[in-house]
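Participant: Input: one structure, supplied below.
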Amino acid sequence: MIRAEPAAGREHRLAPENCRAQLALILNSADFDATGRERRFLSHVVEETLAGRGDRIKAYSIAVEVFGRDMSFDPQTDPIVRIEAGHLRRGLERYYLTAGHADPILITIPKGGYVPTFSARSPHETVEPALPVEWAEKVPTPRRWMRASWLTVVLAAIVAALAVLALGLARSGVRPTSPEIPRLLVETFDDLNGTHAAAAIASGLRQEVVSQLSKFKDIVVVESAAKGEDPSISPARFVLAGSVNLSTDAFRLRVRLLNRADNSVLWAESYDGGLKVAELVEVQTDIARNVSSSLAQAYGVIFQADANLDVVNPPDDWAAYSCTLSFYAYRVGVDAESRSSVRACLEKAVDRFPTYATAWGLLSLIYIDDYRFEFSGDPAESAAALDRALAAARRSVGLDPVNIRGRQAEMVALYFHKEIDAALKVGKQTLTINPNDTEFMGEYGERLAVSGNWHDGCQLIAEARQKNPGPGYYDVDLALCSYFSGDYPQAAMWINKSPFPSNPVYHLLAAAVFGEGGYKIAADREVAWLNQNQPDLVKNMRQVVSARLARSQDVEFFLGSLRKAGLGIAD
């Protein structure tokens, strides 16, 4: 209960209307750093409590009613509610330290449960243990708080009206309201035979290609404009055209990607398939996956085409999009100097376009790289980088729950936060959303491997490299896989292929590989580099290795290899 001591000595209690007004203040604040799911979580528990149903708020009911879990949900084996409650508590704490520092009501979710409490925050009031809000709907409403609630509603309406006005002005050409996203027009595939069978296969292939391409959220896939529609309303910069030719027992699909600006052919490929009914659907799916991976994935044809463009004085929307391109360019070398400039670019992009989910996801991955590749020796600084990464990842997933980069960042951030089961669950779910995204496939494979599932993880990494051999970081991962399988010559081969001479973790792995494999000269070279360039890493070697490898036996084996290389590591 909350007691106030005004001049008349009367007792005052919180009213449901005021609690709901405070909830609206929180949910409408840009400083409340929470995902869409966490916002639904907060709304649900507040409304249930105000309705007198606080005793029904359990992990099971939240998982089923808010998160959409099925009736078989087991809170003992699935920690999702506990994890999200922790995120929500931190979000509320940050809100009340910033935008909500002067709010009249404090909403908290005490640890050990999920029932919220409400307490007054007036300088002239003292707060006892929070009001059992199951009683809240029985409490009279103070008129001054009712006026405050109405003011809140009016102010919110004014802000909303101004936002609509600003959006209308932006759409009229004042400023772009969303970042540039490549648009790909998939034209009707030509039937070269002129038969019903050929037309059916051409249509089926096109629809499957559209379906697989649409799994990539960093491009917009559009189909042919309807008759009489003005194509300039939503112009596509790229066009995918194709044709199907049938023989007696097989078909051939020829596809090509065109740059619409000059009709130049950026990519072309042919695919063959059999006509047996039992195989046709599977063949069409395989072809569509190959086409979508070639065109739309990171380092794919569309990425390469845009990365090679030189846009003079780019507008805001293109500048924001180019930041995502620069991220992938940075990942090729993973050097600290590039990371700093890409971080600044992405921070500017999300400041200009706060709903740009992909940019939030990539920014989170940059923050994660700050955490795992910078060895300042200051635990507080490292923890702050990881907290920033978690917050940015949650923002991305909250904006777009199926955004692959956001989910990738969430997975990696959870892993380094030592919530490994939760991280792997995110990874497994995300791979089903888009199994053609090799960037994610390789990252999930690495998380599986270093968590101890070396067999499945390394298989995924090898598959990702086979489908998309461009990024060199697959070579580092395969070196790690070969090392833990005991194939040290193969591990040395992969590490020598890796293009990361300025990255400290590359040298750390190289030292372990060369030390365990008995390559003394190479091991001495790596040890000298680490001692000269990364003294903080060497000083905290056990901590650095333990942050990356989940199993204690893997940590001890790796440290033993570093000792063989010549590094002094305490037991």
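Identifiers in the structure tokens: chain A, B, ... in order shown; residue index from 1 per chain; ligand index from 1 in order shown.
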Name the residues in contact with Gly560 (chain A) at a cut-off of 9 Å, using only C-alpha atoms, excluding same-chain residues fewer than 6 positions from it; report them as a ChimeraX atom specification.
Facilitator: /A:512,515-516,569
Participant: Excluding same-chain residues fewer than 4 positions from Cys323 (chain A), what lies within 9 Å of it counting only C-alpha atoms, as number ranges by chain?
Facilitator: A: 318-319, 327, 342-343, 345-346, 349, 359
Participant: Write out the residues from the selection above, keeping C-alpha atoms, as a PDB file, in the first residue's frame.
Facilitator:
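File written: again.pdb
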```pdb
ATOM      1  CA  TRP A 318      21.249   5.653 -49.812  1.00  0.00           C
ATOM      2  CA  ALA A 319      23.826   6.691 -47.186  1.00  0.00           C
ATOM      3  CA  PHE A 327      29.658  -3.608 -42.678  1.00  0.00           C
ATOM      4  CA  VAL A 342      31.488   1.397 -39.741  1.00  0.00           C
ATOM      5  CA  ARG A 343      30.206   1.702 -36.164  1.00  0.00           C
ATOM      6  CA  CYS A 345      28.148   5.066 -39.887  1.00  0.00           C
ATOM      7  CA  LEU A 346      25.595   2.579 -38.533  1.00  0.00           C
ATOM      8  CA  ALA A 349      21.922   5.378 -39.859  1.00  0.00           C
ATOM      9  CA  ALA A 359      21.065  -1.554 -39.402  1.00  0.00           C
TER      10      ALA A 359
END
```
Participant: Can you tell me which residues surround region 488-500 of chain A at a distance of at most 8 Å, considering only C-alpha atoms, apart from same-chain residues fewer than 5 positions away, and format the answer as a count of residues only?
Facilitator: 20
Participant: So which residues touch Tyr95 (chain A) within 10 Å, counting only C-alpha atoms, skipping near sequence neighbours fewer than 2 positions away, as a ChimeraX atom specification?
Facilitator: /A:26,29-34,89-93,97-101
Participant: Write out, as a PDB file, in the first residue's frame, the residues just selected, with C-alpha atoms.
Facilitator:
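Result went into part.pdb, see below:
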```
ATOM      1  CA  ILE A  26       6.463   4.023 -20.799  1.00  0.00           C
ATOM      2  CA  SER A  29       8.642   6.595 -24.912  1.00  0.00           C
ATOM      3  CA  ALA A  30      11.532   6.287 -27.342  1.00  0.00           C
ATOM      4  CA  ASP A  31      13.801   5.849 -24.302  1.00  0.00           C
ATOM      5  CA  PHE A  32      12.080   2.622 -23.244  1.00  0.00           C
ATOM      6  CA  ASP A  33      14.508   0.125 -24.758  1.00  0.00           C
ATOM      7  CA  ALA A  34      12.380  -2.991 -25.183  1.00  0.00           C
ATOM      8  CA  ARG A  89      13.452  -5.227 -15.756  1.00  0.00           C
ATOM      9  CA  ARG A  90      16.629  -3.678 -17.183  1.00  0.00           C
ATOM     10  CA  GLY A  91      14.573  -1.720 -19.722  1.00  0.00           C
ATOM     11  CA  LEU A  92      12.350  -0.311 -16.975  1.00  0.00           C
ATOM     12  CA  GLU A  93      15.378   0.610 -14.878  1.00  0.00           C
ATOM     13  CA  LEU A  97      16.849   6.753 -14.998  1.00  0.00           C
ATOM     14  CA  THR A  98      16.325   8.743 -18.210  1.00  0.00           C
ATOM     15  CA  ALA A  99      13.007   9.906 -19.672  1.00  0.00           C
ATOM     16  CA  GLY A 100      10.937   8.664 -16.730  1.00  0.00           C
ATOM     17  CA  HIS A 101      12.981  10.176 -13.909  1.00  0.00           C
TER      18      HIS A 101
END
```
Participant: Do you know which residues are at most 10 Å from Gly442 (chain A) counting only C-alpha atoms, after dropping those on the same chain fewer than 5 positions away, and could you put them as a list in words?
Facilitator: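 Non-adjacent residues within range: Asp437, Arg447, Leu448, Gly457, Cys458, Gln459, Leu460, Ile461, Ala462, Glu463, Ala464, Arg465, Asn468, Tyr473, Tyr474 and Asp477 of chain A.
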